[in-house]
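Beneath this line is the structure, given in structure tokens, with notes to follow.
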Number of protein chains: 2
Amino acid sequence: TGKKESFFQELVNILLSYVCKSFRRSSKVLDFHHPHQLREGLEGFSLELPDQPENLEQLLVDCRDTLKYGVKTGHPRFFNQLSSGLDVIGLAGEWLTSTANTNMFTYEVSPVFILMEEILLKKMQEIVGWSEEEGDGVFCPGGTMSNLYSVLLARYHFFPEVKTKGMTALPRLILFTSAHSHYSVKKSAAVLGIGSENVVVVKCNDWGKMIPAELESSILTAKDQGCVPFYVNATAGTTVYGAFDPLNAIADICESHGLWLHVDAAWGGGLLMSKRHRVKLQGIERAWSVTWNPHKMMGAPLQCSAILVKKRGLLKDCNQMCAEYLFQTDKHYDTSYDTGDKTIQCGRHVDVFKLWLMWKAKGSEGFESQVNKCLENAEHLFDKLKQRPDFELVFKSKPEHSNVCFWYIPPSLRNMSPGPERNRRLHEVAPKIKAKMMEQGMAMIGYQPLGDKVNFFRCVFSNPATQTEDVDYLLEEIASLGHDICIRAETDL
Amino acid sequence: TGKKESFFQELVNILLSYVCKSFRRSSKVLDFHHPHQLREGLEGFSLELPDQPENLEQLLVDCRDTLKYGVKTGHPRFFNQLSSGLDVIGLAGEWLTSTANTNMFTYEVSPVFILMEEILLKKMQEIVGWSEEEGDGVFCPGGTMSNLYSVLLARYHFFPEVKTKGMTALPRLILFTSAHSHYSVKKSAAVLGIGSENVVVVKCNDWGKMIPAELESSILTAKDQGCVPFYVNATAGTTVYGAFDPLNAIADICESHGLWLHVDAAWGGGLLMSKRHRVKLQGIERAWSVTWNPHKMMGAPLQCSAILVKKRGLLKDCNQMCAEYLFQTDKHYDTSYDTGDKTIQCGRHVDVFKLWLMWKAKGSEGFESQVNKCLENAEHLFDKLKQRPDFELVFKSKPEHSNVCFWYIPPSLRNMSPGPERNRRLHEVAPKIKAKMMEQGMAMIGYQPLGDKVNFFRCVFSNPATQTEDVDYLLEEIASLGHDICIRAETDL
Ligand SMILES: Cc1ncc(COP(=O)(O)O)c(C=O)c1O
Ligand SMILES: Cc1ncc(COP(=O)(O)O)c(C=O)c1O
């Protein structure tokens, strides 16, 4: 065990020096290699699984290599994903969680974590604006699962017989979500046996917000066709634009048609922590269920996502199977704390402790200033972009969330008039810059097309380590990588 | 950051001393408190979430308390769950994983982990016995999710239109699983919109193994009723008895009826690592899909579960939604390594690194001897129980897996003749002993009723730290707690 202890000591050194490096601007965000290069083994880093044990020294080398060829998602210049940052207290929480190595299904093996989950869920429900008597929920492995829960619960709420009889006992159900919503809504419909074609995609306005009148008419059309609308997903913070659907207007429509209103605040939920920004989610308290991912805007390490449900007891009714080997009813403690039967899982990882510890470390106010800062970074980027002739904003209006979408316009395209040819060439710019950026490894940002808009960059801020200097750096980096990009005209191809 | 560093140093001390304590026999497995006691705060341990930050010293106290009031699942006398033990290399792997804090959805943010997943899945498929050309898979958040995937994939394989049109486009589907199988099969049917009543529960023999003739006749009955059988789950290592269904006989039936054969080896999969024991899973290579949880018998920290799928490409066809913001097709690397569209999740935690590191540390042979040892402990317990007049085995035959099921018979029941009154009183024994055991905190074991058998203890071995002395201790503990238990006759109540 002396050997094991020095192994851990050395490992901790490796990990903490990785953490420091992640925050250092001079270090690379990534050291890119293609799959075949990594597979073939770089400087002796072999991924193959041996029959015989390897020694502890070799394991430490492997750990070092694993980090070396990975991506520093906590680097202040990592803008690639909604989840970024490396909160050291959250990290400490994860280390403790994995050391405790237990399971959320029953109180008897997770007494403290079960209570922490209860307290966190209550707090989040209170912040959403539900009353003392309302509210239930569970932490699940990601926002996609949380969204899946919402559809599952809505279906069960209106048609409880579905649990035993299945969808064949039901009329044709229809759900509604906006064109800019996350693909997990469609995925849920496919998984749950509703079918992705029974998800009606409601039109958005230019800013990516669902148009309530379009929702209303889609509902009426579905009813005319003999289908049964039951569920509407409104997004509070869309994945690409960061748009907030008009929750109150949507809630009015849901109310008048008796539909389940889910608010996917996986990305936007963090703004509820901010007195300045929470107004953007006005009406969220009218939701029947809410998805909120602390692993995005609040900077909790992956995975940390909550599904909040207004109606108490529904989760359990919908999901319980009463397995007697686990949920014995003759236990000596209050078995309402055995939460396992609320979930669609059996074993469940402890996702709450890191968030609980972060909350202790920052207080609600710490989350507030962290969120505010991310949005200030977005405004800073927006302001910079407005001033530059080599960039073009996707929107002229100030961002509502921390998403900022833009094109880099290489010299050869600057004087071209808008049209299909310019679009075709502009479409190739972002992928080429991204490829170069990844080879160089000094920053990382995502891009995508959307609707009629060709490939554009999407910068997102959720890492509190990011400063305005990093934002400025990003623009210079894109401009310098993009400057000598040659996008040939159709006729040159 | 100097403060943060000493915080981490202190945290590591706390965690490592917890690890040492977990292995020490003289330390308690748990320090039980009822929910209201913990909620009210014990000696200043408050779970409430503050508005203002707390200082680092307080956080360390909180961490210490969290561990203090938790359960030491790595303790050699924790027999309560299929997942137990605290593999220090696995733990090291989890610490690194949380430090890397990234996401499995794309190669660009998880190059190394994506390749490790590929290599682990390949290895596991090879061990299952599939050919080079076969095999696909993904790690998912628990065996329940893995089982859900199997039903989802089977449905899609036979009825690909379900993805877009939903279950209403399909005939009434029926799936089959044994009476002793895990409840996740029924739960999956409920979630997927098939309905739990469309799961036909096939009878088992006295040892908890599915009876092939019963399966055959259930299939014929379902067909006669105009339903469409499509899927059979066979369990390799049932949850309570540790029974292995006769895979070859079941595979023959599936073949003749053209049904999808899934093998739930969540618990039994580990035995594939052992030359001595893998014969119990003979025929598993004929499965169309396999669930295998390294977080159970192989001792990997939670969560670590794989769904293996024989037919390549099916996972992707079934689940992909082609979200362009994430799975851009114009990336500069081989995007077949972006595995996110194979899954029903979006963000996905890195569950593979700990297993990869453990495999490096032990080699396949290390897993083999670990599994063998757990089964030897089970045999030891079985042999002891056979000799004792104060215990009664649920089965007289040697255990096939590491599950050993038994009753403690208190003095007052020893001379009673079998019958309803003895059963009624025996049923109360295990819960009473367990309650006392938890109060004392020196060991932990589960119990349940099953079929016509009243509450019995189920001892399971998956912790390589457990020695025969711990097995002996458990029996003495149960006997001494049980000795003065007073189970009143009906007439006394
Ligand atoms: C046979 C079997 N299958 C599946 C599962 C579910 O595994 P998990 O708890 O990882 O969801 C279990 C859990 O005990 C099991 O025993
Ligand atoms: C709006 C929205 N909802 C849901 C999700 C899914 O969250 P997760 O990746 O945790 O599954 C995302 C992820 O980006 C999202 O942006």
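Every chain in the structure tokens has a letter given in the order shown (A, B, ...), and although residue numbers restart at 1 in each chain, ligands are simply numbered from 1 in the order shown.
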
Nearby residues (only C-alpha atoms) at most 12 Å from Leu355 of chain A, same-chain spacing under 4 positions excluded, as a PyMOL selection string: (chain A and resi 87-94+97+113+116-117+119-121+123-124+139+293-296+298-306+350-351+359-364+367) or (chain B and resi 49)

At most 9 Å from ligand 1 (only C-alpha atoms and all ligand atoms): residue list as a PyMOL selection string: (chain A and resi 103+105+326+344-348) or (chain B and resi 81-83+140-147+180-185+235-240+242+264-268+291-293+295-296+302-305)

Best match for closeness to chain B among A:Ser131, A:Thr177, A:Asn463, A:Gln328, counting only C-alpha atoms: A:Gln328

Who sits within 7 Å of segment 206-211 of chain A, only C-alpha atoms, same chain under 3 positions skipped, as an NGL selection string: :A and (178 or 180 or 202-203 or 214-215 or 241 or 243-245)

Residue list (strand (DSSP E or B), DSSP) for segment 43-223 of chain B, as number ranges by chain: B: 45, 71, 78-79, 136-140, 173-178, 199-202, 204, 210

For N, CA, C and O atoms, I'd like the residues from the last selection saved as a PDB file, in the first residue's frame.
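Listing of out15.pdb after writing:
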ATOM      1  N   PHE B  45     -23.538  19.504  10.680  1.00  0.00           N
ATOM      2  CA  PHE B  45     -23.470  19.168   9.256  1.00  0.00           C
ATOM      3  C   PHE B  45     -24.766  19.615   8.596  1.00  0.00           C
ATOM      4  O   PHE B  45     -25.765  18.920   8.626  1.00  0.00           O
ATOM      5  N   VAL B  71     -21.977   5.284   3.176  1.00  0.00           N
ATOM      6  CA  VAL B  71     -21.810   3.839   3.309  1.00  0.00           C
ATOM      7  C   VAL B  71     -20.525   3.434   2.596  1.00  0.00           C
ATOM      8  O   VAL B  71     -20.306   3.824   1.455  1.00  0.00           O
ATOM      9  N   PHE B  78     -19.245  -5.361   3.103  1.00  0.00           N
ATOM     10  CA  PHE B  78     -20.421  -4.807   2.419  1.00  0.00           C
ATOM     11  C   PHE B  78     -20.857  -5.833   1.372  1.00  0.00           C
ATOM     12  O   PHE B  78     -20.184  -6.042   0.367  1.00  0.00           O
ATOM     13  N   PHE B  79     -21.985  -6.501   1.647  1.00  0.00           N
ATOM     14  CA  PHE B  79     -22.462  -7.569   0.755  1.00  0.00           C
ATOM     15  C   PHE B  79     -23.829  -7.194   0.186  1.00  0.00           C
ATOM     16  O   PHE B  79     -24.586  -8.055  -0.242  1.00  0.00           O
ATOM     17  N   ASP B 136     -20.750  -4.170 -32.623  1.00  0.00           N
ATOM     18  CA  ASP B 136     -20.856  -2.734 -32.451  1.00  0.00           C
ATOM     19  C   ASP B 136     -21.256  -2.563 -30.989  1.00  0.00           C
ATOM     20  O   ASP B 136     -21.478  -3.551 -30.285  1.00  0.00           O
ATOM     21  N   GLY B 137     -21.356  -1.353 -30.535  1.00  0.00           N
ATOM     22  CA  GLY B 137     -21.764  -1.189 -29.145  1.00  0.00           C
ATOM     23  C   GLY B 137     -21.513   0.207 -28.648  1.00  0.00           C
ATOM     24  O   GLY B 137     -21.026   1.076 -29.381  1.00  0.00           O
ATOM     25  N   VAL B 138     -21.862   0.396 -27.392  1.00  0.00           N
ATOM     26  CA  VAL B 138     -21.698   1.705 -26.779  1.00  0.00           C
ATOM     27  C   VAL B 138     -21.793   1.520 -25.257  1.00  0.00           C
ATOM     28  O   VAL B 138     -22.458   0.595 -24.778  1.00  0.00           O
ATOM     29  N   PHE B 139     -21.075   2.340 -24.534  1.00  0.00           N
ATOM     30  CA  PHE B 139     -21.207   2.323 -23.073  1.00  0.00           C
ATOM     31  C   PHE B 139     -22.364   3.233 -22.684  1.00  0.00           C
ATOM     32  O   PHE B 139     -22.515   4.331 -23.243  1.00  0.00           O
ATOM     33  N   CYS B 140     -23.162   2.776 -21.743  1.00  0.00           N
ATOM     34  CA  CYS B 140     -24.310   3.602 -21.360  1.00  0.00           C
ATOM     35  C   CYS B 140     -24.485   3.654 -19.852  1.00  0.00           C
ATOM     36  O   CYS B 140     -23.863   2.900 -19.126  1.00  0.00           O
ATOM     37  N   LEU B 173     -46.712  -6.023 -30.533  1.00  0.00           N
ATOM     38  CA  LEU B 173     -45.443  -6.719 -30.330  1.00  0.00           C
ATOM     39  C   LEU B 173     -45.401  -7.376 -28.957  1.00  0.00           C
ATOM     40  O   LEU B 173     -45.901  -6.828 -27.984  1.00  0.00           O
ATOM     41  N   ILE B 174     -44.753  -8.524 -28.919  1.00  0.00           N
ATOM     42  CA  ILE B 174     -44.612  -9.237 -27.646  1.00  0.00           C
ATOM     43  C   ILE B 174     -43.150  -9.601 -27.425  1.00  0.00           C
ATOM     44  O   ILE B 174     -42.457 -10.028 -28.356  1.00  0.00           O
ATOM     45  N   LEU B 175     -42.678  -9.396 -26.202  1.00  0.00           N
ATOM     46  CA  LEU B 175     -41.334  -9.856 -25.872  1.00  0.00           C
ATOM     47  C   LEU B 175     -41.397 -10.809 -24.688  1.00  0.00           C
ATOM     48  O   LEU B 175     -42.384 -10.844 -23.953  1.00  0.00           O
ATOM     49  N   PHE B 176     -40.322 -11.535 -24.520  1.00  0.00           N
ATOM     50  CA  PHE B 176     -40.303 -12.631 -23.546  1.00  0.00           C
ATOM     51  C   PHE B 176     -39.090 -12.509 -22.639  1.00  0.00           C
ATOM     52  O   PHE B 176     -37.989 -12.229 -23.103  1.00  0.00           O
ATOM     53  N   THR B 177     -39.357 -12.749 -21.381  1.00  0.00           N
ATOM     54  CA  THR B 177     -38.256 -12.732 -20.426  1.00  0.00           C
ATOM     55  C   THR B 177     -38.656 -13.623 -19.267  1.00  0.00           C
ATOM     56  O   THR B 177     -39.848 -13.898 -19.081  1.00  0.00           O
ATOM     57  N   SER B 178     -37.706 -14.084 -18.494  1.00  0.00           N
ATOM     58  CA  SER B 178     -38.055 -15.058 -17.462  1.00  0.00           C
ATOM     59  C   SER B 178     -38.568 -14.383 -16.200  1.00  0.00           C
ATOM     60  O   SER B 178     -38.348 -13.192 -15.974  1.00  0.00           O
ATOM     61  N   VAL B 199     -45.017  -7.844 -22.177  1.00  0.00           N
ATOM     62  CA  VAL B 199     -43.857  -8.645 -21.799  1.00  0.00           C
ATOM     63  C   VAL B 199     -44.391  -9.945 -21.206  1.00  0.00           C
ATOM     64  O   VAL B 199     -45.043  -9.932 -20.170  1.00  0.00           O
ATOM     65  N   VAL B 200     -44.150 -11.034 -21.884  1.00  0.00           N
ATOM     66  CA  VAL B 200     -44.613 -12.314 -21.366  1.00  0.00           C
ATOM     67  C   VAL B 200     -43.545 -12.871 -20.435  1.00  0.00           C
ATOM     68  O   VAL B 200     -42.375 -12.973 -20.796  1.00  0.00           O
ATOM     69  N   VAL B 201     -43.985 -13.174 -19.224  1.00  0.00           N
ATOM     70  CA  VAL B 201     -43.058 -13.664 -18.212  1.00  0.00           C
ATOM     71  C   VAL B 201     -43.013 -15.190 -18.290  1.00  0.00           C
ATOM     72  O   VAL B 201     -44.006 -15.863 -18.013  1.00  0.00           O
ATOM     73  N   VAL B 202     -41.869 -15.691 -18.680  1.00  0.00           N
ATOM     74  CA  VAL B 202     -41.731 -17.139 -18.886  1.00  0.00           C
ATOM     75  C   VAL B 202     -41.324 -17.800 -17.578  1.00  0.00           C
ATOM     76  O   VAL B 202     -40.476 -17.291 -16.842  1.00  0.00           O
ATOM     77  N   CYS B 204     -39.784 -20.229 -14.739  1.00  0.00           N
ATOM     78  CA  CYS B 204     -38.445 -20.738 -14.457  1.00  0.00           C
ATOM     79  C   CYS B 204     -38.542 -22.063 -13.711  1.00  0.00           C
ATOM     80  O   CYS B 204     -39.558 -22.357 -13.075  1.00  0.00           O
ATOM     81  N   MET B 210     -34.786 -20.063 -16.879  1.00  0.00           N
ATOM     82  CA  MET B 210     -35.915 -20.105 -17.796  1.00  0.00           C
ATOM     83  C   MET B 210     -36.089 -21.523 -18.355  1.00  0.00           C
ATOM     84  O   MET B 210     -35.109 -22.171 -18.728  1.00  0.00           O
TER      85      MET B 210
END

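As for atom CA of Ser84 of chain B and atom CA of Ser462 of chain B, they are spaced 6.0 Å apart.
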
Near-Glu43 of chain B list (12 Å; only C-alpha atoms; drop same-chain fewer than 2 positions) as a list in words: Gln37, Leu38, Arg39, Glu40, Gly41, Phe45, Ser46, Leu47, Val61, Asp62, Asp65, Lys68 and Tyr69 of chain B

Residues of segment 142-212 of chain B in alpha helix (DSSP H), written as a VMD selection string: chain B and resid 143 to 158 162 to 165 184 to 191 212

Nearest-residue call for ligand 2, choices B:Thr466, B:Asn377, B:Ser402, B:Thr102, using only C-alpha atoms and all ligand atoms: B:Thr102

Within 10 Å of segment 453-459 of chain B using only C-alpha atoms, minus same-chain residues under 5 positions, as JSON, numbers by chain: {"A": [324, 325, 328, 330], "B": [78, 79, 80, 81, 82, 239, 240, 241, 242, 378, 381, 392, 393, 394, 402, 403, 404, 405, 406, 407, 408, 422, 423, 424, 425, 426, 427, 428, 429, 430, 431, 433, 434, 444, 445, 446, 447, 448, 471, 474, 478]}

Take the selection from the previous step and output its residues with C-alpha atoms, as a PDB file, in the first residue's frame.
ATOM      1  CA  GLU A 324     -38.736  -6.410  -4.217  1.00  0.00           C
ATOM      2  CA  TYR A 325     -35.053  -7.216  -4.101  1.00  0.00           C
ATOM      3  CA  GLN A 328     -38.409  -3.805   0.111  1.00  0.00           C
ATOM      4  CA  ASP A 330     -40.599  -3.757   5.200  1.00  0.00           C
TER       5      ASP A 330
ATOM      6  CA  PHE B  78     -20.421  -4.807   2.419  1.00  0.00           C
ATOM      7  CA  PHE B  79     -22.462  -7.569   0.755  1.00  0.00           C
ATOM      8  CA  ASN B  80     -25.525  -5.490   0.006  1.00  0.00           C
ATOM      9  CA  GLN B  81     -25.286  -4.925  -3.722  1.00  0.00           C
ATOM     10  CA  LEU B  82     -24.007  -6.453  -6.941  1.00  0.00           C
ATOM     11  CA  THR B 239     -30.137 -10.701  -9.863  1.00  0.00           C
ATOM     12  CA  VAL B 240     -31.268 -12.727  -6.870  1.00  0.00           C
ATOM     13  CA  TYR B 241     -30.301 -16.350  -7.468  1.00  0.00           C
ATOM     14  CA  GLY B 242     -27.420 -15.789  -9.884  1.00  0.00           C
ATOM     15  CA  ALA B 378     -19.500 -17.948  -2.493  1.00  0.00           C
ATOM     16  CA  LEU B 381     -20.260 -19.467   2.356  1.00  0.00           C
ATOM     17  CA  GLU B 392     -31.171 -22.900   5.928  1.00  0.00           C
ATOM     18  CA  LEU B 393     -30.089 -22.727   2.311  1.00  0.00           C
ATOM     19  CA  VAL B 394     -32.605 -21.738  -0.321  1.00  0.00           C
ATOM     20  CA  SER B 402     -21.490 -15.617  -6.481  1.00  0.00           C
ATOM     21  CA  ASN B 403     -25.058 -15.331  -5.120  1.00  0.00           C
ATOM     22  CA  VAL B 404     -25.831 -17.400  -2.032  1.00  0.00           C
ATOM     23  CA  CYS B 405     -29.393 -17.300  -0.699  1.00  0.00           C
ATOM     24  CA  PHE B 406     -30.345 -18.436   2.766  1.00  0.00           C
ATOM     25  CA  TRP B 407     -32.546 -17.991   5.819  1.00  0.00           C
ATOM     26  CA  TYR B 408     -31.474 -17.497   9.372  1.00  0.00           C
ATOM     27  CA  ARG B 422     -43.768 -20.649  10.117  1.00  0.00           C
ATOM     28  CA  ASN B 423     -43.502 -18.790   6.815  1.00  0.00           C
ATOM     29  CA  ARG B 424     -45.287 -15.784   8.221  1.00  0.00           C
ATOM     30  CA  ARG B 425     -42.884 -15.621  11.104  1.00  0.00           C
ATOM     31  CA  LEU B 426     -39.783 -16.434   9.083  1.00  0.00           C
ATOM     32  CA  HIS B 427     -40.697 -13.616   6.705  1.00  0.00           C
ATOM     33  CA  GLU B 428     -40.135 -11.097   9.504  1.00  0.00           C
ATOM     34  CA  VAL B 429     -36.728 -12.364  10.481  1.00  0.00           C
ATOM     35  CA  ALA B 430     -34.487 -10.975   7.751  1.00  0.00           C
ATOM     36  CA  PRO B 431     -35.854  -7.384   7.901  1.00  0.00           C
ATOM     37  CA  ILE B 433     -31.890  -8.595  11.500  1.00  0.00           C
ATOM     38  CA  LYS B 434     -31.059  -6.170   8.710  1.00  0.00           C
ATOM     39  CA  MET B 444     -24.462  -5.016   5.292  1.00  0.00           C
ATOM     40  CA  ILE B 445     -26.436  -7.597   3.336  1.00  0.00           C
ATOM     41  CA  GLY B 446     -29.670  -7.533   1.359  1.00  0.00           C
ATOM     42  CA  TYR B 447     -32.806  -9.648   1.588  1.00  0.00           C
ATOM     43  CA  GLN B 448     -36.033 -10.106  -0.352  1.00  0.00           C
ATOM     44  CA  VAL B 471     -17.783 -14.532   5.201  1.00  0.00           C
ATOM     45  CA  LEU B 474     -21.130 -12.302   8.434  1.00  0.00           C
ATOM     46  CA  ILE B 478     -26.390 -12.633  11.606  1.00  0.00           C
TER      47      ILE B 478
END

Option closest in space to ligand 2, from B:Ala479, B:Val263, B:Ala323, B:Val352 [counting only C-alpha atoms and all ligand atoms]: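 Checking each candidate against ligand 2, we get B:Ala323 as the closest.
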
Among listed residues A:Gln440, A:Ser412, A:Asn319, A:Ser150, nearest ligand 2 (using only C-alpha atoms and all ligand atoms):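 For ligand 2, the nearest of the given residues is A:Ser150.
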
Residue neighbourhood segment 18-34 of chain A, 8 Å, only C-alpha atoms, exclusion window fewer than 3 positions, as an mmCIF file with N, CA, C and O atoms, in the first residue's frame:
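What follows is the written file around-v3.cif:
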data_model
loop_
_atom_site.group_PDB
_atom_site.id
_atom_site.type_symbol
_atom_site.label_atom_id
_atom_site.label_comp_id
_atom_site.auth_asym_id
_atom_site.auth_seq_id
_atom_site.Cartn_x
_atom_site.Cartn_y
_atom_site.Cartn_z
ATOM 1 N N ILE A 14 0.103 14.808 -11.355
ATOM 2 C CA ILE A 14 -0.198 14.873 -12.794
ATOM 3 C C ILE A 14 -1.516 15.612 -13.031
ATOM 4 O O ILE A 14 -1.614 16.491 -13.882
ATOM 5 N N LEU A 15 -2.517 15.259 -12.234
ATOM 6 C CA LEU A 15 -3.847 15.856 -12.446
ATOM 7 C C LEU A 15 -3.839 17.337 -12.124
ATOM 8 O O LEU A 15 -4.378 18.154 -12.881
ATOM 9 N N GLN A 37 -3.620 7.779 -36.343
ATOM 10 C CA GLN A 37 -2.345 8.097 -35.687
ATOM 11 C C GLN A 37 -2.367 7.672 -34.223
ATOM 12 O O GLN A 37 -1.417 7.085 -33.712
ATOM 13 N N LEU A 38 -3.460 7.994 -33.554
ATOM 14 C CA LEU A 38 -3.561 7.606 -32.141
ATOM 15 C C LEU A 38 -3.645 6.095 -31.994
ATOM 16 O O LEU A 38 -3.078 5.519 -31.079
ATOM 17 N N LEU A 67 -4.006 12.445 -21.001
ATOM 18 C CA LEU A 67 -4.300 13.867 -20.872
ATOM 19 C C LEU A 67 -3.624 14.666 -21.990
ATOM 20 O O LEU A 67 -4.195 15.608 -22.533
ATOM 21 N N LYS A 68 -2.421 14.257 -22.343
ATOM 22 C CA LYS A 68 -1.646 14.972 -23.373
ATOM 23 C C LYS A 68 -2.396 15.008 -24.705
ATOM 24 O O LYS A 68 -2.436 16.033 -25.380
ATOM 25 N N TYR A 69 -2.993 13.880 -25.093
ATOM 26 C CA TYR A 69 -3.650 13.822 -26.390
ATOM 27 C C TYR A 69 -5.137 14.158 -26.307
ATOM 28 O O TYR A 69 -5.865 14.000 -27.291
ATOM 29 N N GLY A 70 -5.566 14.599 -25.159
ATOM 30 C CA GLY A 70 -6.959 14.979 -25.003
ATOM 31 C C GLY A 70 -7.179 16.460 -25.296
ATOM 32 O O GLY A 70 -6.306 17.148 -25.817
ATOM 33 N N VAL A 71 -8.360 16.937 -24.925
ATOM 34 C CA VAL A 71 -8.730 18.326 -25.179
ATOM 35 C C VAL A 71 -8.957 19.017 -23.848
ATOM 36 O O VAL A 71 -9.680 18.493 -22.997
ATOM 37 N N LYS A 72 -8.351 20.170 -23.664
ATOM 38 C CA LYS A 72 -8.505 20.894 -22.400
ATOM 39 C C LYS A 72 -9.803 21.707 -22.423
ATOM 40 O O LYS A 72 -9.814 22.886 -22.777
ATOM 41 N N THR A 73 -10.858 21.079 -21.994
ATOM 42 C CA THR A 73 -12.169 21.729 -22.053
ATOM 43 C C THR A 73 -12.291 22.862 -21.025
ATOM 44 O O THR A 73 -13.241 23.632 -21.073
ATOM 45 N N GLY A 74 -11.343 22.940 -20.107
ATOM 46 C CA GLY A 74 -11.357 24.017 -19.124
ATOM 47 C C GLY A 74 -10.495 25.203 -19.540
ATOM 48 O O GLY A 74 -10.435 26.215 -18.838
ATOM 49 N N HIS A 75 -9.853 25.093 -20.691
ATOM 50 C CA HIS A 75 -8.985 26.170 -21.170
ATOM 51 C C HIS A 75 -9.829 27.407 -21.472
ATOM 52 O O HIS A 75 -10.917 27.293 -22.042
ATOM 53 N N PRO A 76 -9.341 28.587 -21.101
ATOM 54 C CA PRO A 76 -10.129 29.802 -21.345
ATOM 55 C C PRO A 76 -10.409 30.056 -22.834
ATOM 56 O O PRO A 76 -11.261 30.889 -23.156
ATOM 57 N N ARG A 77 -9.727 29.340 -23.721
ATOM 58 C CA ARG A 77 -9.980 29.532 -25.153
ATOM 59 C C ARG A 77 -10.664 28.327 -25.792
ATOM 60 O O ARG A 77 -10.581 28.118 -26.998
ATOM 61 N N PHE A 78 -11.316 27.544 -24.976
ATOM 62 C CA PHE A 78 -12.149 26.454 -25.489
ATOM 63 C C PHE A 78 -13.581 26.984 -25.562
ATOM 64 O O PHE A 78 -14.229 27.199 -24.540
ATOM 65 N N LEU A 86 -13.491 24.325 -15.970
ATOM 66 C CA LEU A 86 -13.059 23.302 -15.028
ATOM 67 C C LEU A 86 -13.158 23.931 -13.651
ATOM 68 O O LEU A 86 -12.249 24.590 -13.174
ATOM 69 N N MET A 438 -7.673 23.508 -35.292
ATOM 70 C CA MET A 438 -7.444 22.282 -34.532
ATOM 71 C C MET A 438 -6.016 21.781 -34.705
ATOM 72 O O MET A 438 -5.412 21.273 -33.765
ATOM 73 N N GLU A 439 -5.457 21.949 -35.890
ATOM 74 C CA GLU A 439 -4.064 21.541 -36.100
ATOM 75 C C GLU A 439 -3.138 22.390 -35.235
ATOM 76 O O GLU A 439 -2.182 21.904 -34.653
ATOM 77 N N GLN A 440 -3.446 23.662 -35.151
ATOM 78 C CA GLN A 440 -2.594 24.550 -34.357
ATOM 79 C C GLN A 440 -2.876 24.409 -32.861
ATOM 80 O O GLN A 440 -1.973 24.542 -32.048
ATOM 81 N N GLY A 441 -4.116 24.198 -32.529
ATOM 82 C CA GLY A 441 -4.467 23.842 -31.158
ATOM 83 C C GLY A 441 -4.523 24.974 -30.152
ATOM 84 O O GLY A 441 -4.562 24.721 -28.951
ATOM 85 N N MET A 442 -4.576 26.226 -30.594
ATOM 86 C CA MET A 442 -4.546 27.332 -29.633
ATOM 87 C C MET A 442 -5.931 27.813 -29.200
ATOM 88 O O MET A 442 -6.055 28.616 -28.280
ATOM 89 N N ALA A 443 -6.971 27.356 -29.869
ATOM 90 C CA ALA A 443 -8.344 27.726 -29.491
ATOM 91 C C ALA A 443 -9.261 26.695 -30.153
ATOM 92 O O ALA A 443 -8.819 25.910 -31.017
ATOM 93 N N MET A 444 -10.508 26.703 -29.755
ATOM 94 C CA MET A 444 -11.450 25.749 -30.360
ATOM 95 C C MET A 444 -12.850 26.354 -30.328
ATOM 96 O O MET A 444 -13.306 26.836 -29.290
ATOM 97 N N ALA A 465 -13.434 31.126 -16.585
ATOM 98 C CA ALA A 465 -12.011 31.465 -16.726
ATOM 99 C C ALA A 465 -11.757 32.339 -17.951
ATOM 100 O O ALA A 465 -10.702 32.961 -18.081
ATOM 101 N N THR B 99 -11.200 15.015 -14.101
ATOM 102 C CA THR B 99 -10.291 16.125 -14.362
ATOM 103 C C THR B 99 -10.317 16.491 -15.850
ATOM 104 O O THR B 99 -10.279 17.670 -16.208
ATOM 105 N N TYR B 333 -11.652 15.327 -40.111
ATOM 106 C CA TYR B 333 -11.206 13.997 -39.704
ATOM 107 C C TYR B 333 -12.297 12.979 -40.036
ATOM 108 O O TYR B 333 -13.406 13.351 -40.428
ATOM 109 N N ASP B 334 -11.988 11.712 -39.846
ATOM 110 C CA ASP B 334 -12.924 10.635 -40.150
ATOM 111 C C ASP B 334 -14.083 10.672 -39.157
ATOM 112 O O ASP B 334 -13.953 10.239 -38.012
#
